[in-house]
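Colleague: Input structure: structure_5.pdb, which contains PDB, C-alpha atoms.
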```pdb
ATOM      1  CA  MET A   1     -19.950   1.348  -4.092  1.00  0.00           C
ATOM      2  CA  THR A   2     -19.157   5.016  -4.540  1.00  0.00           C
ATOM      3  CA  ILE A   3     -18.931   7.792  -2.011  1.00  0.00           C
ATOM      4  CA  SER A   4     -18.576  11.520  -2.582  1.00  0.00           C
ATOM      5  CA  LEU A   5     -15.922  13.093  -0.398  1.00  0.00           C
ATOM      6  CA  LEU A   6     -14.539  16.606  -0.787  1.00  0.00           C
ATOM      7  CA  PRO A   7     -10.770  16.609  -1.370  1.00  0.00           C
ATOM      8  CA  ALA A   8      -8.987  18.082   1.623  1.00  0.00           C
ATOM      9  CA  ARG A   9      -5.512  18.609   2.876  1.00  0.00           C
ATOM     10  CA  LEU A  10      -4.827  15.532   4.977  1.00  0.00           C
ATOM     11  CA  LEU A  11      -2.565  15.140   7.951  1.00  0.00           C
ATOM     12  CA  PHE A  12      -1.348  11.771   9.189  1.00  0.00           C
ATOM     13  CA  PHE A  13       0.644  11.419  12.371  1.00  0.00           C
ATOM     14  CA  ALA A  14       2.700   8.238  12.809  1.00  0.00           C
ATOM     15  CA  PRO A  15       4.902   7.269  15.733  1.00  0.00           C
ATOM     16  CA  LEU A  16       8.474   8.328  15.108  1.00  0.00           C
ATOM     17  CA  LEU A  17      10.963   5.536  14.572  1.00  0.00           C
ATOM     18  CA  PHE A  18      14.725   5.564  14.858  1.00  0.00           C
ATOM     19  CA  PHE A  19      16.378   5.119  11.503  1.00  0.00           C
ATOM     20  CA  SER A  20      19.814   5.550   9.966  1.00  0.00           C
ATOM     21  CA  ILE A  21      20.911   6.193   6.413  1.00  0.00           C
ATOM     22  CA  THR A  22      24.238   5.103   4.952  1.00  0.00           C
ATOM     23  CA  LEU A  23      25.619   4.736   1.462  1.00  0.00           C
ATOM     24  CA  SER A  24      24.972   1.418  -0.263  1.00  0.00           C
ATOM     25  CA  ASN A  25      25.429  -0.365  -3.562  1.00  0.00           C
ATOM     26  CA  ALA A  26      22.049  -2.048  -3.254  1.00  0.00           C
ATOM     27  CA  VAL A  27      20.654  -3.647  -6.375  1.00  0.00           C
ATOM     28  CA  ALA A  28      17.363  -5.515  -6.315  1.00  0.00           C
ATOM     29  CA  GLU A  29      14.772  -6.833  -8.701  1.00  0.00           C
ATOM     30  CA  GLN A  30      11.830  -4.515  -9.182  1.00  0.00           C
ATOM     31  CA  PRO A  31       8.162  -5.488  -9.312  1.00  0.00           C
ATOM     32  CA  ARG A  32       6.146  -4.267 -12.271  1.00  0.00           C
ATOM     33  CA  ALA A  33       3.456  -2.837 -10.054  1.00  0.00           C
ATOM     34  CA  VAL A  34       2.183  -2.038  -6.581  1.00  0.00           C
ATOM     35  CA  ILE A  35      -1.586  -2.475  -6.427  1.00  0.00           C
ATOM     36  CA  GLU A  36      -3.462  -1.101  -3.418  1.00  0.00           C
ATOM     37  CA  LEU A  37      -6.991  -2.438  -2.930  1.00  0.00           C
ATOM     38  CA  PHE A  38      -9.334  -0.162  -0.998  1.00  0.00           C
ATOM     39  CA  THR A  39     -11.992  -2.539   0.265  1.00  0.00           C
ATOM     40  CA  SER A  40     -14.604  -2.829   3.011  1.00  0.00           C
ATOM     41  CA  GLN A  41     -16.399  -5.551   4.915  1.00  0.00           C
ATOM     42  CA  GLY A  42     -19.543  -3.420   4.553  1.00  0.00           C
ATOM     43  CA  CYS A  43     -19.410  -3.328   0.741  1.00  0.00           C
ATOM     44  CA  SER A  44     -21.388  -5.985  -1.130  1.00  0.00           C
ATOM     45  CA  SER A  45     -19.309  -5.365  -4.283  1.00  0.00           C
ATOM     46  CA  CYS A  46     -16.001  -6.070  -2.539  1.00  0.00           C
ATOM     47  CA  PRO A  47     -15.805  -9.875  -1.993  1.00  0.00           C
ATOM     48  CA  PRO A  48     -15.086 -10.591  -5.702  1.00  0.00           C
ATOM     49  CA  ALA A  49     -12.200  -8.112  -5.530  1.00  0.00           C
ATOM     50  CA  ASP A  50     -10.917  -9.660  -2.304  1.00  0.00           C
ATOM     51  CA  GLU A  51     -10.954 -13.066  -4.016  1.00  0.00           C
ATOM     52  CA  LEU A  52      -9.130 -11.687  -7.063  1.00  0.00           C
ATOM     53  CA  PHE A  53      -6.431 -10.128  -4.905  1.00  0.00           C
ATOM     54  CA  ALA A  54      -5.918 -13.411  -3.055  1.00  0.00           C
ATOM     55  CA  THR A  55      -5.065 -14.938  -6.433  1.00  0.00           C
ATOM     56  CA  MET A  56      -2.916 -12.015  -7.577  1.00  0.00           C
ATOM     57  CA  ALA A  57      -0.897 -12.208  -4.353  1.00  0.00           C
ATOM     58  CA  ASN A  58       0.829 -15.276  -5.814  1.00  0.00           C
ATOM     59  CA  ASP A  59       2.275 -13.290  -8.735  1.00  0.00           C
ATOM     60  CA  PRO A  60       5.962 -12.570  -7.951  1.00  0.00           C
ATOM     61  CA  GLU A  61       6.034  -9.626 -10.369  1.00  0.00           C
ATOM     62  CA  ILE A  62       3.499  -7.526  -8.474  1.00  0.00           C
ATOM     63  CA  ILE A  63       2.925  -6.406  -4.900  1.00  0.00           C
ATOM     64  CA  THR A  64      -0.708  -6.433  -3.808  1.00  0.00           C
ATOM     65  CA  ILE A  65      -1.909  -4.955  -0.532  1.00  0.00           C
ATOM     66  CA  SER A  66      -5.367  -4.477   0.990  1.00  0.00           C
ATOM     67  CA  LEU A  67      -6.307  -1.277   2.817  1.00  0.00           C
ATOM     68  CA  PRO A  68      -9.767  -1.589   4.439  1.00  0.00           C
ATOM     69  CA  VAL A  69     -11.624   1.724   4.679  1.00  0.00           C
ATOM     70  CA  ASP A  70     -14.132   2.815   7.290  1.00  0.00           C
ATOM     71  CA  TYR A  71     -16.734   4.968   5.509  1.00  0.00           C
ATOM     72  CA  TRP A  72     -19.199   2.124   4.971  1.00  0.00           C
ATOM     73  CA  ASP A  73     -19.328   1.329   8.696  1.00  0.00           C
ATOM     74  CA  ARG A  74     -22.551   3.366   8.812  1.00  0.00           C
ATOM     75  CA  LEU A  75     -24.359   0.638   6.841  1.00  0.00           C
ATOM     76  CA  GLY A  76     -24.663  -1.640   9.860  1.00  0.00           C
ATOM     77  CA  TRP A  77     -21.303  -3.376  10.260  1.00  0.00           C
ATOM     78  CA  LYS A  78     -18.080  -1.890  11.617  1.00  0.00           C
ATOM     79  CA  ASP A  79     -15.172  -3.151   9.542  1.00  0.00           C
ATOM     80  CA  THR A  80     -12.854  -4.995  11.928  1.00  0.00           C
ATOM     81  CA  LEU A  81      -9.731  -4.225   9.873  1.00  0.00           C
ATOM     82  CA  ALA A  82     -10.439  -0.669   8.693  1.00  0.00           C
ATOM     83  CA  LYS A  83      -8.390   2.338   9.743  1.00  0.00           C
ATOM     84  CA  PRO A  84      -9.083   6.040   9.147  1.00  0.00           C
ATOM     85  CA  ALA A  85      -5.547   6.416   7.751  1.00  0.00           C
ATOM     86  CA  PHE A  86      -6.476   4.131   4.853  1.00  0.00           C
ATOM     87  CA  THR A  87      -9.520   6.250   4.021  1.00  0.00           C
ATOM     88  CA  LYS A  88      -7.308   9.351   4.138  1.00  0.00           C
ATOM     89  CA  ARG A  89      -4.852   7.711   1.753  1.00  0.00           C
ATOM     90  CA  GLN A  90      -7.612   6.872  -0.730  1.00  0.00           C
ATOM     91  CA  VAL A  91      -8.980  10.421  -0.568  1.00  0.00           C
ATOM     92  CA  ALA A  92      -5.457  11.821  -1.016  1.00  0.00           C
ATOM     93  CA  TYR A  93      -4.916   9.717  -4.140  1.00  0.00           C
ATOM     94  CA  ALA A  94      -8.191  11.018  -5.611  1.00  0.00           C
ATOM     95  CA  GLY A  95      -7.077  14.563  -4.891  1.00  0.00           C
ATOM     96  CA  ALA A  96      -3.670  13.999  -6.489  1.00  0.00           C
ATOM     97  CA  ARG A  97      -5.279  12.546  -9.624  1.00  0.00           C
ATOM     98  CA  GLY A  98      -7.770  15.398  -9.707  1.00  0.00           C
ATOM     99  CA  ASP A  99     -10.749  13.173 -10.494  1.00  0.00           C
ATOM    100  CA  GLY A 100     -12.254  12.907  -6.993  1.00  0.00           C
ATOM    101  CA  LYS A 101     -13.206   9.257  -7.603  1.00  0.00           C
ATOM    102  CA  ILE A 102     -13.482   7.335  -4.338  1.00  0.00           C
ATOM    103  CA  TYR A 103     -15.259   3.991  -4.267  1.00  0.00           C
ATOM    104  CA  THR A 104     -14.951   0.366  -3.217  1.00  0.00           C
ATOM    105  CA  PRO A 105     -13.523  -1.881  -4.409  1.00  0.00           C
ATOM    106  CA  GLN A 106     -10.936   0.481  -5.886  1.00  0.00           C
ATOM    107  CA  ALA A 107      -7.475  -0.604  -7.014  1.00  0.00           C
ATOM    108  CA  VAL A 108      -4.838   2.139  -7.147  1.00  0.00           C
ATOM    109  CA  VAL A 109      -1.945   1.084  -9.360  1.00  0.00           C
ATOM    110  CA  ASN A 110       1.560   2.465  -8.821  1.00  0.00           C
ATOM    111  CA  GLY A 111       0.091   5.465  -7.031  1.00  0.00           C
ATOM    112  CA  THR A 112      -1.259   7.116 -10.178  1.00  0.00           C
ATOM    113  CA  GLN A 113      -4.110   5.206 -11.852  1.00  0.00           C
ATOM    114  CA  HIS A 114      -7.216   3.486 -10.527  1.00  0.00           C
ATOM    115  CA  ALA A 115      -9.442   0.643 -11.689  1.00  0.00           C
ATOM    116  CA  VAL A 116     -12.380  -1.326 -10.319  1.00  0.00           C
ATOM    117  CA  GLY A 117     -10.780  -3.805  -7.936  1.00  0.00           C
ATOM    118  CA  SER A 118     -12.727  -6.806  -9.210  1.00  0.00           C
ATOM    119  CA  ARG A 119     -11.893  -6.242 -12.894  1.00  0.00           C
ATOM    120  CA  ARG A 120      -8.567  -7.828 -13.782  1.00  0.00           C
ATOM    121  CA  SER A 121      -8.544  -6.377 -17.302  1.00  0.00           C
ATOM    122  CA  GLY A 122      -8.681  -2.808 -16.036  1.00  0.00           C
ATOM    123  CA  ILE A 123      -5.995  -3.491 -13.444  1.00  0.00           C
ATOM    124  CA  ASP A 124      -3.725  -5.093 -16.055  1.00  0.00           C
ATOM    125  CA  GLN A 125      -4.152  -2.109 -18.338  1.00  0.00           C
ATOM    126  CA  ALA A 126      -3.186   0.281 -15.542  1.00  0.00           C
ATOM    127  CA  VAL A 127      -0.137  -1.882 -14.764  1.00  0.00           C
ATOM    128  CA  ALA A 128       0.968  -1.776 -18.395  1.00  0.00           C
ATOM    129  CA  GLU A 129       0.605   1.990 -18.537  1.00  0.00           C
ATOM    130  CA  THR A 130       2.424   2.765 -15.269  1.00  0.00           C
ATOM    131  CA  SER A 131       5.027   0.016 -14.771  1.00  0.00           C
ATOM    132  CA  LYS A 132       7.759   2.281 -16.168  1.00  0.00           C
ATOM    133  CA  ASN A 133       7.401   4.456 -13.054  1.00  0.00           C
ATOM    134  CA  LEU A 134       8.962   1.801 -10.796  1.00  0.00           C
ATOM    135  CA  ARG A 135      12.566   2.416 -11.804  1.00  0.00           C
ATOM    136  CA  ILE A 136      14.437   2.669  -8.500  1.00  0.00           C
ATOM    137  CA  PRO A 137      15.603  -0.809  -7.384  1.00  0.00           C
ATOM    138  CA  MET A 138      15.252  -1.520  -3.685  1.00  0.00           C
ATOM    139  CA  SER A 139      15.045  -4.436  -1.249  1.00  0.00           C
ATOM    140  CA  VAL A 140      13.940  -5.179   2.307  1.00  0.00           C
ATOM    141  CA  GLU A 141      15.122  -7.921   4.660  1.00  0.00           C
ATOM    142  CA  ARG A 142      14.772  -8.935   8.290  1.00  0.00           C
ATOM    143  CA  GLY A 143      18.075  -8.635  10.110  1.00  0.00           C
ATOM    144  CA  ALA A 144      18.935  -9.826  13.612  1.00  0.00           C
ATOM    145  CA  SER A 145      17.285  -6.820  15.245  1.00  0.00           C
ATOM    146  CA  ASP A 146      16.396  -4.487  12.394  1.00  0.00           C
ATOM    147  CA  ILE A 147      14.356  -4.313   9.234  1.00  0.00           C
ATOM    148  CA  ILE A 148      16.916  -3.287   6.614  1.00  0.00           C
ATOM    149  CA  VAL A 149      15.780  -1.323   3.564  1.00  0.00           C
ATOM    150  CA  SER A 150      18.262  -0.842   0.713  1.00  0.00           C
ATOM    151  CA  ILE A 151      17.592   1.716  -2.011  1.00  0.00           C
ATOM    152  CA  ASP A 152      19.608   2.105  -5.206  1.00  0.00           C
ATOM    153  CA  ALA A 153      20.773   5.426  -6.598  1.00  0.00           C
ATOM    154  CA  THR A 154      18.709   7.121  -9.260  1.00  0.00           C
ATOM    155  CA  ARG A 155      19.817   6.923 -12.873  1.00  0.00           C
ATOM    156  CA  ASP A 156      17.386   9.637 -13.842  1.00  0.00           C
ATOM    157  CA  ASP A 157      18.049  13.262 -12.984  1.00  0.00           C
ATOM    158  CA  VAL A 158      14.296  13.919 -12.927  1.00  0.00           C
ATOM    159  CA  VAL A 159      13.754  11.405 -10.115  1.00  0.00           C
ATOM    160  CA  ALA A 160      15.764  12.542  -7.120  1.00  0.00           C
ATOM    161  CA  ARG A 161      13.459  12.719  -4.106  1.00  0.00           C
ATOM    162  CA  GLY A 162      10.900  10.543  -2.383  1.00  0.00           C
ATOM    163  CA  THR A 163       9.345   9.470   0.904  1.00  0.00           C
ATOM    164  CA  VAL A 164      10.121   5.972   2.194  1.00  0.00           C
ATOM    165  CA  VAL A 165       7.004   4.344   3.658  1.00  0.00           C
ATOM    166  CA  LEU A 166       6.860   1.076   5.593  1.00  0.00           C
ATOM    167  CA  MET A 167       3.620  -0.879   5.837  1.00  0.00           C
ATOM    168  CA  PRO A 168       3.384  -3.847   8.232  1.00  0.00           C
ATOM    169  CA  VAL A 169       1.183  -6.563   6.765  1.00  0.00           C
ATOM    170  CA  LEU A 170      -0.865  -9.566   7.897  1.00  0.00           C
ATOM    171  CA  ASP A 171      -0.599 -12.185   5.166  1.00  0.00           C
ATOM    172  CA  ALA A 172      -4.221 -13.402   5.358  1.00  0.00           C
ATOM    173  CA  ARG A 173      -7.170 -13.362   7.739  1.00  0.00           C
ATOM    174  CA  GLN A 174     -10.711 -14.706   7.475  1.00  0.00           C
ATOM    175  CA  VAL A 175     -13.474 -12.506   8.858  1.00  0.00           C
ATOM    176  CA  ALA A 176     -17.002 -13.644   9.696  1.00  0.00           C
ATOM    177  CA  ILE A 177     -19.249 -10.675   8.934  1.00  0.00           C
ATOM    178  CA  GLY A 178     -22.304 -10.520  11.176  1.00  0.00           C
ATOM    179  CA  ARG A 179     -24.375  -7.647   9.777  1.00  0.00           C
ATOM    180  CA  GLY A 180     -24.655  -5.239   6.894  1.00  0.00           C
ATOM    181  CA  GLU A 181     -24.524  -5.943   3.172  1.00  0.00           C
ATOM    182  CA  ASN A 182     -22.270  -8.985   3.616  1.00  0.00           C
ATOM    183  CA  ALA A 183     -24.110 -10.438   6.625  1.00  0.00           C
ATOM    184  CA  ASN A 184     -23.311 -14.099   7.340  1.00  0.00           C
ATOM    185  CA  ARG A 185     -20.449 -14.199   4.835  1.00  0.00           C
ATOM    186  CA  LYS A 186     -16.917 -15.294   5.635  1.00  0.00           C
ATOM    187  CA  VAL A 187     -14.377 -13.335   3.621  1.00  0.00           C
ATOM    188  CA  ILE A 188     -10.633 -13.905   3.375  1.00  0.00           C
ATOM    189  CA  TYR A 189      -8.510 -10.761   3.181  1.00  0.00           C
ATOM    190  CA  THR A 190      -4.966 -10.968   1.824  1.00  0.00           C
ATOM    191  CA  ASN A 191      -1.857  -8.844   2.497  1.00  0.00           C
ATOM    192  CA  ILE A 192      -3.716  -6.607   4.932  1.00  0.00           C
ATOM    193  CA  VAL A 193      -1.930  -3.359   5.765  1.00  0.00           C
ATOM    194  CA  ARG A 194      -2.027  -2.483   9.476  1.00  0.00           C
ATOM    195  CA  ASP A 195      -0.209   0.866   9.532  1.00  0.00           C
ATOM    196  CA  ILE A 196       1.428   3.450   7.271  1.00  0.00           C
ATOM    197  CA  VAL A 197       4.768   4.519   8.746  1.00  0.00           C
ATOM    198  CA  PRO A 198       7.142   7.054   7.154  1.00  0.00           C
ATOM    199  CA  ILE A 199      10.722   5.966   7.891  1.00  0.00           C
ATOM    200  CA  GLY A 200      12.772   8.498   5.962  1.00  0.00           C
ATOM    201  CA  THR A 201      13.318  10.558   2.851  1.00  0.00           C
ATOM    202  CA  TRP A 202      15.448   9.718  -0.181  1.00  0.00           C
ATOM    203  CA  ASN A 203      17.529  12.251  -2.112  1.00  0.00           C
ATOM    204  CA  GLY A 204      18.531  10.206  -5.148  1.00  0.00           C
ATOM    205  CA  ARG A 205      21.627   8.594  -3.607  1.00  0.00           C
ATOM    206  CA  ALA A 206      22.030   4.931  -2.725  1.00  0.00           C
ATOM    207  CA  ALA A 207      21.049   4.394   0.905  1.00  0.00           C
ATOM    208  CA  VAL A 208      20.296   1.880   3.645  1.00  0.00           C
ATOM    209  CA  LEU A 209      17.617   2.538   6.269  1.00  0.00           C
ATOM    210  CA  LYS A 210      17.437   0.460   9.444  1.00  0.00           C
ATOM    211  CA  VAL A 211      14.266   0.290  11.516  1.00  0.00           C
ATOM    212  CA  PRO A 212      13.975  -1.640  14.813  1.00  0.00           C
ATOM    213  CA  ALA A 213      12.091  -4.864  14.084  1.00  0.00           C
ATOM    214  CA  ALA A 214      10.588  -5.221  17.561  1.00  0.00           C
ATOM    215  CA  ARG A 215       7.909  -2.653  16.713  1.00  0.00           C
ATOM    216  CA  PHE A 216       6.526  -5.015  14.060  1.00  0.00           C
ATOM    217  CA  LYS A 217       6.798  -8.379  15.828  1.00  0.00           C
ATOM    218  CA  ASP A 218       3.048  -9.060  15.577  1.00  0.00           C
ATOM    219  CA  TYR A 219       2.966  -8.907  11.776  1.00  0.00           C
ATOM    220  CA  ASP A 220       3.844 -11.379   9.032  1.00  0.00           C
ATOM    221  CA  SER A 221       5.651  -9.216   6.508  1.00  0.00           C
ATOM    222  CA  VAL A 222       6.385  -5.662   5.446  1.00  0.00           C
ATOM    223  CA  VAL A 223       5.948  -3.734   2.224  1.00  0.00           C
ATOM    224  CA  VAL A 224       8.221  -0.724   1.729  1.00  0.00           C
ATOM    225  CA  LEU A 225       7.436   1.942  -0.855  1.00  0.00           C
ATOM    226  CA  LEU A 226       9.592   4.720  -2.256  1.00  0.00           C
ATOM    227  CA  GLN A 227       6.951   7.240  -3.223  1.00  0.00           C
ATOM    228  CA  ALA A 228       6.879  10.756  -4.616  1.00  0.00           C
ATOM    229  CA  GLY A 229       5.045  13.199  -2.387  1.00  0.00           C
ATOM    230  CA  THR A 230       4.363  12.736   1.319  1.00  0.00           C
ATOM    231  CA  ILE A 231       2.232  10.569   3.581  1.00  0.00           C
ATOM    232  CA  ALA A 232      -0.506  13.203   3.415  1.00  0.00           C
ATOM    233  CA  GLU A 233      -0.151  13.708  -0.340  1.00  0.00           C
ATOM    234  CA  PRO A 234       1.068  10.435  -1.899  1.00  0.00           C
ATOM    235  CA  SER A 235       1.870  10.254  -5.587  1.00  0.00           C
ATOM    236  CA  THR A 236       3.860   8.098  -8.032  1.00  0.00           C
ATOM    237  CA  ILE A 237       5.469   4.975  -6.578  1.00  0.00           C
ATOM    238  CA  LEU A 238       9.116   4.964  -7.690  1.00  0.00           C
ATOM    239  CA  GLY A 239      10.242   1.704  -6.093  1.00  0.00           C
ATOM    240  CA  ALA A 240       8.902  -1.068  -3.878  1.00  0.00           C
ATOM    241  CA  ALA A 241       9.934  -4.186  -2.020  1.00  0.00           C
ATOM    242  CA  ARG A 242       8.396  -6.727   0.318  1.00  0.00           C
ATOM    243  CA  GLY A 243       9.907  -9.063   2.844  1.00  0.00           C
ATOM    244  CA  SER A 244       8.936 -11.619   5.452  1.00  0.00           C
ATOM    245  CA  LEU A 245       9.346 -10.892   9.148  1.00  0.00           C
ATOM    246  CA  HIS A 246       9.748 -14.576  10.039  1.00  0.00           C
TER     247      HIS A 246
END
```
Please re-express this file's structure in structure tokens.
Modeller:
Amino acid sequence: MTISLLPARLLFFAPLLFFSITLSNAVAEQPRAVIELFTSQGCSSCPPADELFATMANDPEIITISLPVDYWDRLGWKDTLAKPAFTKRQVAYAGARGDGKIYTPQAVVNGTQHAVGSRRSGIDQAVAETSKNLRIPMSVERGASDIIVSIDATRDDVVARGTVVLMPVLDARQVAIGRGENANRKVIYTNIVRDIVPIGTWNGRAAVLKVPAARFKDYDSVVVLLQAGTIAEPSTILGAARGSLH
């Protein structure tokens, strides 16, 4: 399903978190790709993409996350997982690419390319073409009281600044859809983002960021992205990590 939205300057306000930055010698394995699926319970084309992403979630070389959008709520069913911030993120990506293409199911790969979320071949092609962008190693772990994010130093003078974004995630949930285009279907959603929280900026030096874990006690895991641009204007993903909260 496709929707026409005019690109706009977007503002996203997230609760401020305490964080600290210190020097680190962090080295971590990097995924080849971060794939964001913009999906909707009100979209009849989305269940095949949701099923594909459930399978792709088992691939250790990629990070897949689902961001349910709210613009199809007008079709008769209010998406129980959608958030306006996810719609804003999808619109912002379209603006950054300059193509204005906003639809569901849409997979955005490494912050720069998009593909139909149910077509694995298109997603794989986008991964192959953008995997070189993820060149800053980083890791995330659950400490005694903090979520600890370690970011390596840049080895590329061109890459020296980014926004660090934390996304709390529910690993999987089944939703019984009562009305709309998917009426009477039960759909399983995987790696469901519940918030988009900026936790700091990165200036090219090795660093450690610590965020109080209590804020995220109701979630299963976190995905942390090092991304060019800002929350309102996201761009190329430079590094990524995921970690369990249990």
Colleague: Once the PyMOL selection byres ((chain A and resi 65-78) around 9) is applied to the coordinates I shared, what remains selected? I want it as a PyMOL selection string.
Modeller: chain A and resi 3+34-43+50+53+57+63-64+79-88+90+104+169+177-183+189-194+223
Colleague: Considering only C-alpha atoms, state which residue in the set A:Val187, A:Ala54, A:Leu225, A:Val211 is at the smallest distance from Val165 (chain A).
Modeller: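 That would be A:Leu225, the residue with the smallest distance to Val165 (chain A).
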Colleague: Neighbouring residues of Thr112 (chain A) were defined as those with any atom within 7 Å, considering only C-alpha atoms; residues of the same chain fewer than 4 positions away were excluded. Please report them as a PyMOL selection string.
Modeller: chain A and resi 97+108+235-236
Colleague: Take the residues just selected and output them with C-alpha atoms as a short mmCIF file (atom, residue, chain, number, x, y, z; two decimals), keeping the file's coordinate frame.
Modeller:
```cif
data_model
loop_
_atom_site.label_atom_id
_atom_site.label_comp_id
_atom_site.auth_asym_id
_atom_site.auth_seq_id
_atom_site.Cartn_x
_atom_site.Cartn_y
_atom_site.Cartn_z
CA ARG A 97 -5.28 12.55 -9.62
CA VAL A 108 -4.84 2.14 -7.15
CA SER A 235 1.87 10.25 -5.59
CA THR A 236 3.86 8.10 -8.03
#
```
Colleague: Could you expand the PyMOL selection byres ((chain A and resi 62) around 12) into the explicit residues it covers here, written as JSON, numbers by chain?
Modeller: {"A": [29, 30, 31, 32, 33, 34, 35, 36, 53, 55, 56, 57, 58, 59, 60, 61, 63, 64, 65, 109, 110, 123, 124, 127, 128, 131, 134, 223, 239, 240, 241, 242]}
Colleague: Would you work out the distance separating CA of Pro234 (chain A) from CA of Arg173 (chain A), expressed in Å to one decimal?
Modeller: 27.0 Å
Colleague: Expand the PyMOL selection byres ((chain A and resi 221) around 10) into the individual residues it matches in the shown file, reporting them as a PyMOL selection string.
Modeller: chain A and resi 141-142+167-171+191-193+216-220+222-223+242-246
Colleague: Which residue gives the smallest distance to Pro212 (chain A) among A:Val197, A:Ile151, A:Gln174, A:Asp146, with only C-alpha atoms counted?
Modeller: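 Answer, going by the shortest atom-to-atom distance: A:Asp146.
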Colleague: Which value, in Å to one decimal, gives the distance between CA of Gly229 (chain A) and CA of Ala214 (chain A)?
Modeller: 27.7 Å
Colleague: Between CA of Leu226 (chain A) and CA of Ile102 (chain A), what is the distance in Å, rounded to a tenth?
Modeller: 23.3 Å
Colleague: Nearest to Ser45 (chain A) among A:Val224, A:Val116, A:Ala107, A:Leu166, with distances taken over only C-alpha atoms: which residue is it?
Modeller: A:Val116
Colleague: With distances taken over all atoms listed in the file, which of A:Arg185, A:Arg135, A:Lys101, A:Arg205 is nearest to Ala153 (chain A)?
Modeller: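 Smallest separation from Ala153 (chain A) among the options: A:Arg205.
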Colleague: Might I get the box with edges along x, y and z of the file that holds all atoms of region 122-129 of chain A listed there, padded by 6 Å on every side, given as centre and edge lengths in Å to one decimal, as JSON?
Modeller:
```
{"center_x": -3.9, "center_y": -1.6, "center_z": -16.0, "size_x": 21.6, "size_y": 19.1, "size_z": 17.1}
```
